[in-house]
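Chemist: Structure file my_file.cif (mmCIF, C-alpha atoms) right here:
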data_start
loop_
_atom_site.label_atom_id
_atom_site.label_comp_id
_atom_site.auth_asym_id
_atom_site.auth_seq_id
_atom_site.Cartn_x
_atom_site.Cartn_y
_atom_site.Cartn_z
CA MET K 1 0.00 0.00 0.00
CA ARG K 2 1.38 3.40 -0.89
CA ASP K 3 1.84 5.99 1.85
CA ASP K 4 -0.59 8.43 0.27
CA GLU K 5 -3.33 5.84 -0.10
CA PRO K 6 -4.91 6.46 3.36
CA SER K 7 -4.84 10.19 2.69
CA ALA K 8 -6.60 9.73 -0.63
CA GLU K 9 -9.19 7.50 1.00
CA PHE K 10 -9.61 9.99 3.83
CA VAL K 11 -10.19 12.85 1.40
CA ALA K 12 -12.76 10.79 -0.49
CA PHE K 13 -14.48 9.91 2.77
CA VAL K 14 -14.56 13.54 3.94
CA HIS K 15 -15.86 14.63 0.57
CA ALA K 16 -18.67 12.10 0.72
CA HIS K 17 -19.69 12.26 4.37
CA ARG K 18 -18.61 15.53 5.95
CA THR K 19 -22.00 17.14 5.46
CA ASP K 20 -23.71 14.20 7.14
CA LEU K 21 -21.39 14.49 10.12
CA VAL K 22 -21.88 18.25 10.38
CA ARG K 23 -25.65 17.83 10.35
CA THR K 24 -25.48 15.23 13.09
CA ALA K 25 -23.10 17.39 15.11
CA THR K 26 -25.42 20.36 14.69
CA LEU K 27 -28.21 18.40 16.34
CA LEU K 28 -25.94 17.08 19.08
CA CYS K 29 -24.70 20.61 19.75
CA ALA K 30 -28.24 22.00 19.60
CA GLY K 31 -27.49 24.39 16.78
CA ASP K 32 -24.16 25.73 18.04
CA GLU K 33 -22.52 25.71 14.63
CA ALA K 34 -19.03 26.58 15.87
CA PHE K 35 -19.11 23.83 18.48
CA ALA K 36 -20.47 21.40 15.89
CA GLU K 37 -17.70 22.28 13.46
CA ASP K 38 -15.07 21.70 16.14
CA VAL K 39 -16.55 18.34 17.07
CA VAL K 40 -16.50 17.34 13.41
CA GLN K 41 -12.92 18.51 12.96
CA ASN K 42 -11.81 16.58 16.03
CA THR K 43 -13.70 13.53 14.85
CA LEU K 44 -12.13 13.61 11.40
CA THR K 45 -8.68 13.95 12.93
CA ARG K 46 -9.36 10.95 15.20
CA LEU K 47 -10.58 8.97 12.20
CA TYR K 48 -7.44 9.76 10.24
CA LEU K 49 -5.27 8.69 13.17
CA SER K 50 -7.02 5.31 13.24
CA TRP K 51 -7.73 4.99 9.56
CA ALA K 52 -6.90 1.29 9.48
CA ARG K 53 -9.83 0.66 11.84
CA VAL K 54 -12.12 2.89 9.80
CA ARG K 55 -11.20 0.92 6.70
CA ARG K 56 -11.91 -2.40 8.44
CA ALA K 57 -15.32 -1.26 9.72
CA ASP K 58 -18.41 -2.76 8.11
CA SER K 59 -19.71 0.74 7.60
CA PRO K 60 -17.13 3.54 7.79
CA LEU K 61 -19.92 6.11 8.05
CA ALA K 62 -21.47 4.31 11.02
CA TYR K 63 -18.01 4.13 12.59
CA ALA K 64 -17.58 7.86 11.99
CA ARG K 65 -20.95 8.64 13.54
CA ARG K 66 -19.98 6.64 16.62
CA SER K 67 -16.69 8.53 16.84
CA LEU K 68 -18.56 11.79 16.44
CA THR K 69 -20.88 10.94 19.32
CA HIS K 70 -17.91 9.97 21.48
CA ALA K 71 -16.13 13.20 20.58
CA PHE K 72 -19.24 15.18 21.48
CA VAL K 73 -19.75 13.41 24.81
CA ASP K 74 -16.05 13.78 25.65
CA GLU K 75 -16.18 17.43 24.77
CA THR K 76 -19.15 18.11 27.02
CA ARG K 77 -17.12 16.77 29.94
CA ARG K 78 -14.29 19.15 29.31
CA ALA K 79 -13.38 22.23 31.20
CA HIS K 80 -15.25 24.81 29.20
CA ARG K 81 -18.50 22.87 29.56
CA ARG K 82 -18.02 22.69 33.32
CA ARG K 83 -17.65 26.41 33.67
CA GLU K 84 -20.43 27.26 31.24
CA THR K 85 -23.53 28.91 32.63
CA THR K 86 -27.06 28.83 31.37
CA VAL K 87 -28.03 32.23 30.09
CA ALA K 88 -31.68 31.81 29.26
CA GLU K 89 -34.65 29.63 29.93
CA PRO K 90 -35.17 27.39 26.93
CA THR K 91 -38.82 28.24 26.58
CA GLU K 92 -38.03 31.95 26.28
CA ALA K 93 -36.87 31.29 22.75
CA LEU K 94 -40.13 29.71 21.72
CA PRO K 95 -42.81 31.72 19.95
CA THR K 96 -45.60 32.84 22.24
CA GLU K 97 -48.29 32.95 19.61
CA PRO K 98 -48.98 30.52 16.81
CA ALA K 99 -47.67 31.97 13.59
CA ALA K 100 -49.74 31.45 10.50
CA GLY K 101 -47.67 29.70 7.86
CA ALA K 102 -44.71 28.95 10.10
CA THR K 103 -41.63 28.24 8.01
CA ASP K 104 -38.91 25.63 8.22
CA ALA K 105 -36.66 28.30 9.73
CA ASP K 106 -39.18 28.75 12.56
CA LEU K 107 -39.39 25.03 13.08
CA ARG K 108 -35.63 24.77 13.05
CA ALA K 109 -35.23 27.47 15.70
CA VAL K 110 -37.90 25.92 17.90
CA VAL K 111 -36.48 22.40 17.65
CA LEU K 112 -32.90 23.51 18.30
CA SER K 113 -34.03 25.52 21.29
CA ALA K 114 -35.86 22.47 22.60
CA LEU K 115 -32.80 20.27 22.03
CA ALA K 116 -30.66 22.82 23.85
CA SER K 117 -32.84 22.39 26.90
CA LEU K 118 -31.90 18.69 27.09
CA GLY K 119 -28.76 17.37 28.73
CA PRO K 120 -26.00 16.32 26.31
CA ARG K 121 -26.55 12.59 26.77
CA GLN K 122 -30.32 12.88 26.43
CA ARG K 123 -29.75 14.85 23.26
CA ALA K 124 -27.42 12.14 22.00
CA VAL K 125 -30.09 9.51 22.70
CA VAL K 126 -32.68 11.51 20.74
CA VAL K 127 -30.31 12.01 17.81
CA LEU K 128 -29.15 8.40 17.68
CA ARG K 129 -32.59 6.89 18.14
CA HIS K 130 -34.70 9.26 16.07
CA TRP K 131 -32.31 10.79 13.57
CA HIS K 132 -30.10 7.81 12.83
CA ASP K 133 -32.82 5.26 13.60
CA LEU K 134 -30.50 3.16 15.75
CA ASP K 135 -32.10 0.59 18.01
CA VAL K 136 -31.88 0.72 21.79
CA ALA K 137 -29.07 -1.82 21.99
CA GLU K 138 -26.86 -0.03 19.47
CA THR K 139 -27.54 3.34 21.09
CA ALA K 140 -26.60 1.88 24.47
CA ARG K 141 -23.41 0.44 23.02
CA ILE K 142 -22.35 3.76 21.54
CA LEU K 143 -23.10 5.70 24.70
CA GLY K 144 -21.57 3.07 26.98
CA CYS K 145 -24.68 2.59 29.09
CA SER K 146 -27.39 -0.02 29.57
CA PRO K 147 -30.41 -0.40 27.26
CA GLY K 148 -32.60 0.46 30.25
CA THR K 149 -30.80 3.76 30.63
CA VAL K 150 -31.33 4.53 26.96
CA LYS K 151 -35.03 3.77 27.28
CA SER K 152 -35.48 5.94 30.34
CA GLN K 153 -33.38 8.78 28.89
CA ASN K 154 -35.35 8.59 25.70
CA ALA K 155 -38.68 8.66 27.53
CA ARG K 156 -37.62 11.61 29.65
CA ALA K 157 -36.20 13.48 26.67
CA LEU K 158 -39.36 13.02 24.64
CA ALA K 159 -41.53 14.05 27.56
CA HIS K 160 -39.45 17.17 27.96
CA LEU K 161 -39.56 17.94 24.24
CA ARG K 162 -43.30 17.43 24.30
CA ASP K 163 -43.63 19.94 27.13
CA VAL K 164 -41.41 22.50 25.46
CA LEU K 165 -42.71 22.07 21.93
CA GLY K 166 -46.28 21.80 23.06
CA SER K 167 -46.32 25.51 23.80
CA ALA K 168 -45.06 26.34 20.35
CA ASP K 169 -46.85 26.51 17.06
CA HIS K 170 -45.33 23.24 15.93
CA HIS K 171 -47.35 20.55 17.58
CA LEU K 172 -45.06 17.67 17.00
CA ILE K 173 -46.24 14.24 17.94
CA LEU K 174 -43.56 12.65 20.06
CA GLU K 175 -44.01 9.15 21.27
CA VAL K 176 -41.68 6.80 23.01
CA THR K 177 -40.67 4.21 20.44
CA MET I 1 -48.37 10.97 9.43
CA SER I 2 -46.64 8.69 11.89
CA PRO I 3 -45.27 10.08 15.15
CA THR I 4 -41.74 8.97 14.33
CA TYR I 5 -41.90 10.76 11.01
CA ASP I 6 -42.86 13.94 12.79
CA LEU I 7 -39.87 13.98 15.07
CA LYS I 8 -37.60 12.90 12.27
CA ARG I 9 -38.91 15.69 10.06
CA ALA I 10 -38.31 18.17 12.85
CA LEU I 11 -34.75 16.93 13.33
CA GLN I 12 -34.21 16.96 9.58
CA SER I 13 -35.27 20.56 9.44
CA ALA I 14 -33.12 21.47 12.43
CA ALA I 15 -30.05 19.80 10.93
CA ARG I 16 -30.33 21.85 7.70
CA ASN I 17 -29.43 20.34 4.41
CA ASP I 18 -28.41 23.50 2.57
CA ARG I 19 -24.76 23.42 3.50
CA PRO I 20 -21.95 24.31 1.13
CA THR I 21 -19.46 21.59 0.27
CA VAL I 22 -16.22 22.08 2.20
CA ASP I 23 -12.85 21.41 0.64
CA PRO I 24 -11.44 18.34 2.47
CA SER I 25 -7.85 19.62 2.17
CA ASP I 26 -8.15 21.58 5.45
CA ASP I 27 -9.31 18.46 7.28
CA LEU I 28 -6.48 16.47 5.74
CA ALA I 29 -3.92 19.13 6.72
CA ARG I 30 -5.15 19.12 10.34
CA ALA I 31 -5.14 15.33 10.46
CA VAL I 32 -1.64 15.06 9.00
CA THR I 33 -0.38 17.65 11.51
CA ALA I 34 -1.93 15.67 14.36
CA ALA I 35 -0.40 12.45 13.05
CA ARG I 36 3.03 14.08 12.93
CA ALA I 37 2.59 15.49 16.43
CA ARG I 38 1.66 12.03 17.68
CA THR I 39 4.74 10.57 16.04
CA ARG I 40 6.91 13.22 17.70
CA ARG I 41 5.28 12.56 21.09
CA ARG I 42 5.86 8.85 20.74
CA PHE I 43 9.43 9.50 19.72
CA ARG I 44 9.95 11.80 22.73
CA ALA I 45 8.29 9.25 25.03
CA GLY I 46 10.59 6.59 23.60
CA LEU I 47 13.61 8.77 24.23
CA ALA I 48 12.39 9.52 27.75
CA GLY I 49 11.95 5.80 28.32
CA VAL I 50 15.44 5.07 27.10
CA ALA I 51 16.78 7.93 29.24
CA SER I 52 14.89 6.61 32.28
CA ALA I 53 16.23 3.13 31.71
CA ALA I 54 19.73 4.55 31.41
CA VAL I 55 19.31 6.61 34.59
CA LEU I 56 17.96 3.61 36.47
CA THR I 57 20.77 1.41 35.20
CA VAL I 58 23.45 3.94 36.09
CA GLY I 59 21.73 4.57 39.44
CA ALA I 60 21.59 0.88 40.23
CA VAL I 61 25.24 0.45 39.33
CA ALA I 62 26.13 3.48 41.46
CA VAL I 63 24.17 2.11 44.44
CA LEU I 64 25.69 -1.32 44.07
CA ASP I 65 29.16 0.20 43.73
CA ARG I 66 28.66 2.60 46.66
CA ASP I 67 31.16 2.52 49.47
CA PRO I 68 29.22 1.41 52.57
CA ALA I 69 30.89 4.27 54.40
CA ASP I 70 29.52 6.83 51.98
CA PRO I 71 27.70 9.38 54.18
CA ASP I 72 25.11 10.14 51.52
CA GLY I 73 23.97 6.55 51.72
CA PRO I 74 21.09 5.20 49.70
CA GLY I 75 18.79 8.04 50.79
CA VAL I 76 19.77 10.25 47.86
CA SER I 77 16.90 10.30 45.41
CA ALA I 78 17.53 9.33 41.82
CA PRO I 79 16.85 11.93 39.18
CA ARG I 80 13.32 11.80 37.88
CA SER I 81 12.87 10.73 34.28
CA THR I 82 12.89 13.60 31.86
CA PRO I 83 9.36 14.83 31.26
CA GLY I 84 8.24 15.58 27.72
CA VAL I 85 7.48 19.19 28.64
CA GLU I 86 10.22 21.22 30.22
CA LEU I 87 9.40 23.95 32.73
CA VAL I 88 11.80 26.85 32.96
CA SER I 89 12.01 29.46 35.70
CA GLU I 90 10.63 32.30 33.67
CA GLN I 91 7.62 34.34 34.68
CA PHE I 92 4.81 35.01 32.24
CA GLU I 93 1.49 36.74 32.61
CA ALA I 94 -1.93 35.81 31.33
CA ALA I 95 -3.87 38.46 33.18
CA PRO I 96 -5.32 38.20 35.72
CA TYR I 97 -3.11 35.14 36.29
CA THR I 98 0.67 35.10 36.62
CA PHE I 99 2.93 32.07 36.36
CA ASP I 100 6.40 31.68 37.83
CA LEU I 101 7.23 28.80 35.49
CA THR I 102 6.96 28.63 31.70
CA PRO I 103 6.43 25.39 29.78
CA THR I 104 8.69 25.34 26.73
CA GLY I 105 6.93 24.55 23.49
CA TRP I 106 3.54 25.71 24.80
CA SER I 107 1.90 29.13 24.52
CA VAL I 108 -1.11 30.97 25.87
CA GLN I 109 -3.97 30.76 23.39
CA ALA I 110 -6.70 32.51 25.37
CA GLN I 111 -7.23 34.13 28.74
CA ASN I 112 -10.12 35.64 30.62
CA PRO I 113 -11.01 36.24 34.27
CA TYR I 114 -12.22 32.63 34.58
CA ALA I 115 -9.54 30.63 32.80
CA VAL I 116 -6.37 30.48 30.76
CA THR I 117 -5.87 28.11 27.83
CA ILE I 118 -2.37 26.99 26.91
CA VAL I 119 -1.66 25.04 23.74
CA PRO I 120 1.28 23.18 22.24
CA ASP I 121 3.14 25.16 19.58
CA ASP I 122 3.04 22.29 17.09
CA GLY I 123 -0.42 23.26 15.81
CA SER I 124 -1.95 19.92 16.72
CA THR I 125 -4.91 21.45 18.56
CA SER I 126 -7.95 23.42 17.45
CA SER I 127 -7.51 27.12 16.82
CA ASN I 128 -10.85 27.66 18.55
CA PRO I 129 -10.08 28.68 22.15
CA ASP I 130 -13.37 27.16 23.33
CA VAL I 131 -12.25 23.69 22.28
CA PHE I 132 -10.06 22.16 24.98
CA VAL I 133 -9.03 18.88 23.37
CA GLY I 134 -5.29 18.38 23.79
CA LYS I 135 -4.86 21.66 25.66
CA LEU I 136 -3.88 22.78 29.11
CA VAL I 137 -6.59 24.74 30.92
CA ILE I 138 -6.20 26.69 34.12
CA MET I 139 -9.51 27.42 35.81
CA PHE I 140 -10.64 29.24 38.91
CA ASP I 141 -13.80 28.36 40.80
CA THR I 142 -15.30 27.71 44.19
CA ASN I 143 -16.12 24.03 43.76
CA ARG I 144 -14.82 21.75 46.49
CA PRO I 145 -11.58 20.08 45.37
CA ALA I 146 -11.67 16.29 45.34
CA GLY I 147 -9.47 13.35 44.46
CA ARG I 148 -6.17 11.91 45.61
CA VAL I 149 -4.44 14.24 48.04
CA LEU I 150 -0.79 15.21 47.91
CA ASP I 151 1.21 17.95 49.57
CA HIS I 152 3.84 20.11 47.94
CA ASP I 153 5.74 23.04 49.44
CA GLY I 154 3.29 23.32 52.33
CA ARG I 155 0.24 23.40 50.09
CA ARG I 156 -2.36 20.71 49.51
CA PHE I 157 -3.20 19.45 46.03
CA TRP I 158 -5.95 17.16 44.78
CA VAL I 159 -5.51 14.92 41.75
CA SER I 160 -8.35 13.44 39.73
CA GLY I 161 -8.83 12.33 36.17
CA ASP I 162 -11.06 10.79 33.56
CA SER I 163 -11.37 10.37 29.80
CA GLY I 164 -7.66 10.84 29.18
CA TYR I 165 -7.36 14.05 31.16
CA THR I 166 -5.94 14.72 34.62
CA THR I 167 -7.06 17.60 36.81
CA LEU I 168 -5.04 19.05 39.66
CA ALA I 169 -6.55 21.48 42.15
CA THR I 170 -5.27 23.63 44.97
CA ARG I 171 -6.57 26.55 46.95
CA SER I 172 -5.36 30.03 46.07
CA ARG I 173 -2.76 31.61 48.33
CA ALA I 174 -3.54 33.85 51.29
CA GLY I 175 -3.96 37.39 50.05
CA GLU I 176 -5.25 36.26 46.66
CA PRO I 177 -8.95 36.04 45.73
CA ALA I 178 -10.24 33.01 47.62
CA GLY I 179 -11.05 29.99 45.51
CA VAL I 180 -9.71 26.85 43.91
CA VAL I 181 -7.24 26.93 41.04
CA ARG I 182 -7.34 23.92 38.75
CA ILE I 183 -5.25 22.69 35.88
CA GLN I 184 -6.64 20.18 33.44
CA TYR I 185 -4.09 18.58 31.14
CA PRO I 186 -4.21 15.83 28.52
CA ASP I 187 -2.53 12.58 29.43
CA GLY I 188 0.16 11.53 26.99
CA ALA I 189 1.06 15.04 25.88
CA GLY I 190 4.35 15.10 27.73
CA TRP I 191 3.10 16.40 31.07
CA ASP I 192 3.69 14.44 34.22
CA GLU I 193 2.24 14.90 37.68
CA PRO I 194 5.30 16.34 39.46
CA SER I 195 5.91 18.95 36.78
CA MET I 196 2.21 19.80 36.70
CA VAL I 197 2.10 20.19 40.48
CA ALA I 198 5.08 22.54 40.23
CA PHE I 199 3.37 24.45 37.44
CA LEU I 200 0.10 24.78 39.36
CA ALA I 201 2.00 25.84 42.47
CA SER I 202 3.53 28.65 40.42
CA VAL I 203 0.15 30.20 39.55
CA HIS I 204 -0.71 33.52 41.18
CA VAL I 205 -4.34 34.59 41.09
CA GLY I 206 -4.73 38.31 40.44
CA SER I 207 -7.46 40.54 41.78
CA GLY I 208 -9.29 40.53 38.44
CA ALA I 209 -9.91 36.78 38.58
CA ARG I 210 -13.50 35.59 38.65
CA HIS I 211 -15.02 32.28 39.61
CA GLY I 212 -16.26 30.07 36.81
CA HIS I 213 -19.56 28.32 37.39
CA GLY I 214 -20.41 24.73 36.83
#
Taking this structure as input, can you express it in the form of structure tokens?

Modeler:
Amino acid sequence: MRDDEPSAEFVAFVHAHRTDLVRTATLLCAGDEAFAEDVVQNTLTRLYLSWARVRRADSPLAYARRSLTHAFVDETRRAHRRRETTVAEPTEALPTEPAAGATDADLRAVVLSALASLGPRQRAVVVLRHWHDLDVAETARILGCSPGTVKSQNARALAHLRDVLGSADHHLILEVT
Amino acid sequence: MSPTYDLKRALQSAARNDRPTVDPSDDLARAVTAARARTRRRFRAGLAGVASAAVLTVGAVAVLDRDPADPDGPGVSAPRSTPGVELVSEQFEAAPYTFDLTPTGWSVQAQNPYAVTIVPDDGSTSSNPDVFVGKLVIMFDTNRPAGRVLDHDGRRFWVSGDSGYTTLATRSRAGEPAGVVRIQYPDGAGWDEPSMVAFLASVHVGSGARHGHG
């Protein structure tokens, strides 16, 4: 194998999947684009450093999504997260009156605000279960917890989202699946 | 419309699909830099290991060869293995914090009343000061220190760690704003506990310091 082969594969992978990773990171980071970009950059660097494992994975994208979730969870444990303070009540960002013809931008803002009001691990459960359609067992494996924990986190997260989103114009139907 | 579809649609909208394609060359450049930095760290760690082995070997020979009448006896401590990061007695300021020791090869990236971020000069870490991966962070807060206790120069330190990072904590000196000063550093980046304790002990908390929350 030539030395530049992993780099070429890496570039092809980034070209194909970076947008997917950024979108996932955006949800995990509740719309904080700069934080999401940093998580993606760190993830891609980690992937490059263990490219042989990425190559051996059944699905490199699934492997990358797992790494991304780990990078996000690790990052939320770091110093800057510990000294962060909450600056606003999540519901303050929600519209107070139903808006006729609410747009996707409205929905986006409302959903991100609702996600921001969840804890990082609850948010990860919601994203893995309902965005990536992973089952409980796989979600538990990625997050390093028991399936029971995933179920309870998921139930609590959806209940919270229901409360928050219920006051908005977007009456999403959220059920524990 | 099924309930799952609703949430998925909401998440789909929140994740936005209208993103421009990014040139992968920046990601590749960062990754290659990190790979080179890792190689250098491993090389330095290897050298430090060889140096430690040499020191231990020479020390053992010296002890075995020691004249029993030697007044220094076996109580003389052997030199510690060379750490990957060297601290020099040179003061630097990252207001409102001042340091009596300077780590060579590392520089202040960001400072504010709550914290100071110090990064390796090899460019292996994020340029975003809010990302702490691979960096050294000095924080000031009022949280109770916890972990393994050790004493150094008449002061008490607490050591704890998780996820590849070690955190040291100590109380600020008398006359400084009251609180706990902490250093969080990445394991495997050349720092060791004794040098980090010395570095933390060299921190002076200025009057402009503020407590971080969390």

Chemist: Tell me which protein, DNA and RNA residues are within 8 Å of Pro120 of chain K, counting all atoms listed in the file, leaving out same-chain ones fewer than 3 positions away, and put them as a ChimeraX atom specification.

Modeler: /K:28-29,73,76,123-124

Chemist: Expand the PyMOL selection byres ((chain K and resi 69) around 12) into the explicit residue set it covers here, and present it as a PyMOL selection string.

Modeler: chain K and resi 21-22+24-29+36+39-40+42-43+62-68+70-76+120-128+132+139-144

Chemist: Using all atoms listed in the file, which residue out of K:Ser7, K:Ala12, K:Ser146, K:Asp163 lies closest to Leu49 of chain K?

Modeler: K:Ser7

Chemist: Could you name the residues that touch segment 17-34 of chain I at 8 Å or less, counting all atoms listed in the file, but leaving out those on the same chain fewer than 3 positions away, as a list in words?

Modeler: Ser7, Phe10, Val11, Val14, His15, Arg18, Thr19, Arg23, Gln41, Leu44, Thr45, Arg46, Tyr48 and Leu49 of chain K; Gln12, Ser13, Ala37, Arg38, Gly123, Ser124 and Thr125 of chain I

Chemist: Here's the selection I'm unsure about, the PyMOL selection byres ((chain I and resi 100-108) around 7); applied to the file above, which residues does it give, as a compact mmCIF listing (two decimals) with C-alpha atoms, in the coordinates of the input?

Modeler:
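New file result-v1.txt:
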# COMPACT_ATOMS: atom_id res chain seq x y z
CA VAL I 85 7.48 19.19 28.64
CA GLU I 86 10.22 21.22 30.22
CA LEU I 87 9.40 23.95 32.73
CA VAL I 88 11.80 26.85 32.96
CA SER I 89 12.01 29.46 35.70
CA GLU I 90 10.63 32.30 33.67
CA GLN I 91 7.62 34.34 34.68
CA PHE I 92 4.81 35.01 32.24
CA THR I 98 0.67 35.10 36.62
CA PHE I 99 2.93 32.07 36.36
CA GLN I 109 -3.97 30.76 23.39
CA ALA I 110 -6.70 32.51 25.37
CA THR I 117 -5.87 28.11 27.83
CA ILE I 118 -2.37 26.99 26.91
CA VAL I 119 -1.66 25.04 23.74
CA PRO I 120 1.28 23.18 22.24
CA ASP I 121 3.14 25.16 19.58
CA PHE I 199 3.37 24.45 37.44
CA SER I 202 3.53 28.65 40.42
CA VAL I 203 0.15 30.20 39.55

Chemist: From the options K:Arg108, K:Lys151, K:His17, K:Arg56, which residue's atoms come nearest to chain I, counting only C-alpha atoms?

Modeler: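 Result for the nearest residue to chain I: K:Arg108.
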
Chemist: Just give me the gap between atom CA of Leu165 of chain K and atom CA of Ala105 of chain K in Å, one decimal is fine.

Modeler: 15.0 Å

Chemist: Evaluated on this file, the PyMOL selection byres ((chain I) within 7 of (chain K)) picks out some residues - which ones are they, written as a ChimeraX atom specification?

Modeler: /I:3,6-8,10-11,13-16,24,27-28,30-31,35,130,132,212-214

Chemist: Report, in Å with one decimal, the straight-line distance from atom CA of Asp58 of chain K to atom CA of Val133 of chain I.

Modeler: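 For atom CA of Asp58 of chain K relative to atom CA of Val133 of chain I, the distance reads 28.1 Å.
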
Chemist: Expressed in Å to a single decimal, how great is the separation between atom CA of Arg210 of chain I and atom CA of Gly164 of chain I?

Modeler: 27.1 Å

Chemist: Show which residues sit within 10 Å of Gly161 of chain I, as a list in words. Count all atoms listed in the file, and ignore same-chain residues fewer than 3 positions away.

Modeler: Gly147, Arg148, Gly164, Tyr165, Thr166, Thr167, Leu168, Gln184, Tyr185, Pro186 and Asp187 of chain I

Chemist: Missing atoms in segment 21-36 of chain I: can you complete it with N, CA, C and O atoms, as a CSV table (one decimal), in the frame of the given file?

Modeler:
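Okay, result.csv is ready:
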chain,number,residue,atom,x,y,z
I,21,THR,N,-20.5,22.6,0.2
I,21,THR,CA,-19.5,21.6,0.3
I,21,THR,C,-18.1,22.2,0.7
I,21,THR,O,-17.7,23.3,0.2
I,22,VAL,N,-17.5,21.6,1.7
I,22,VAL,CA,-16.2,22.1,2.2
I,22,VAL,C,-15.1,21.3,1.6
I,22,VAL,O,-15.1,20.1,1.4
I,23,ASP,N,-14.0,22.0,1.2
I,23,ASP,CA,-12.8,21.4,0.6
I,23,ASP,C,-12.2,20.5,1.7
I,23,ASP,O,-11.8,21.0,2.8
I,24,PRO,N,-12.0,19.2,1.4
I,24,PRO,CA,-11.4,18.3,2.5
I,24,PRO,C,-10.0,18.6,2.8
I,24,PRO,O,-9.4,18.0,3.7
I,25,SER,N,-9.3,19.5,2.0
I,25,SER,CA,-7.8,19.6,2.2
I,25,SER,C,-7.5,20.2,3.6
I,25,SER,O,-6.5,19.9,4.1
I,26,ASP,N,-8.4,21.0,4.1
I,26,ASP,CA,-8.2,21.6,5.4
I,26,ASP,C,-8.2,20.5,6.5
I,26,ASP,O,-7.4,20.4,7.4
I,27,ASP,N,-9.2,19.6,6.3
I,27,ASP,CA,-9.3,18.5,7.3
I,27,ASP,C,-8.1,17.6,7.2
I,27,ASP,O,-7.6,17.1,8.2
I,28,LEU,N,-7.7,17.3,5.9
I,28,LEU,CA,-6.5,16.5,5.7
I,28,LEU,C,-5.2,17.1,6.4
I,28,LEU,O,-4.5,16.4,7.0
I,29,ALA,N,-5.1,18.4,6.2
I,29,ALA,CA,-3.9,19.1,6.7
I,29,ALA,C,-3.9,19.0,8.2
I,29,ALA,O,-2.9,18.8,8.9
I,30,ARG,N,-5.1,19.2,8.9
I,30,ARG,CA,-5.2,19.1,10.3
I,30,ARG,C,-4.8,17.7,10.8
I,30,ARG,O,-4.1,17.5,11.7
I,31,ALA,N,-5.4,16.7,10.1
I,31,ALA,CA,-5.1,15.3,10.5
I,31,ALA,C,-3.7,14.9,10.3
I,31,ALA,O,-3.1,14.3,11.2
I,32,VAL,N,-3.1,15.4,9.2
I,32,VAL,CA,-1.6,15.1,9.0
I,32,VAL,C,-0.8,15.7,10.1
I,32,VAL,O,0.1,15.1,10.6
I,33,THR,N,-1.1,17.0,10.4
I,33,THR,CA,-0.4,17.6,11.5
I,33,THR,C,-0.5,16.9,12.8
I,33,THR,O,0.5,16.7,13.5
I,34,ALA,N,-1.7,16.4,13.1
I,34,ALA,CA,-1.9,15.7,14.4
I,34,ALA,C,-1.2,14.4,14.3
I,34,ALA,O,-0.6,13.9,15.3
I,35,ALA,N,-1.1,13.7,13.2
I,35,ALA,CA,-0.4,12.4,13.0
I,35,ALA,C,1.1,12.7,13.3
I,35,ALA,O,1.8,11.9,14.0
I,36,ARG,N,1.6,13.8,12.7
I,36,ARG,CA,3.0,14.1,12.9
I,36,ARG,C,3.3,14.4,14.4
I,36,ARG,O,4.3,14.0,14.9
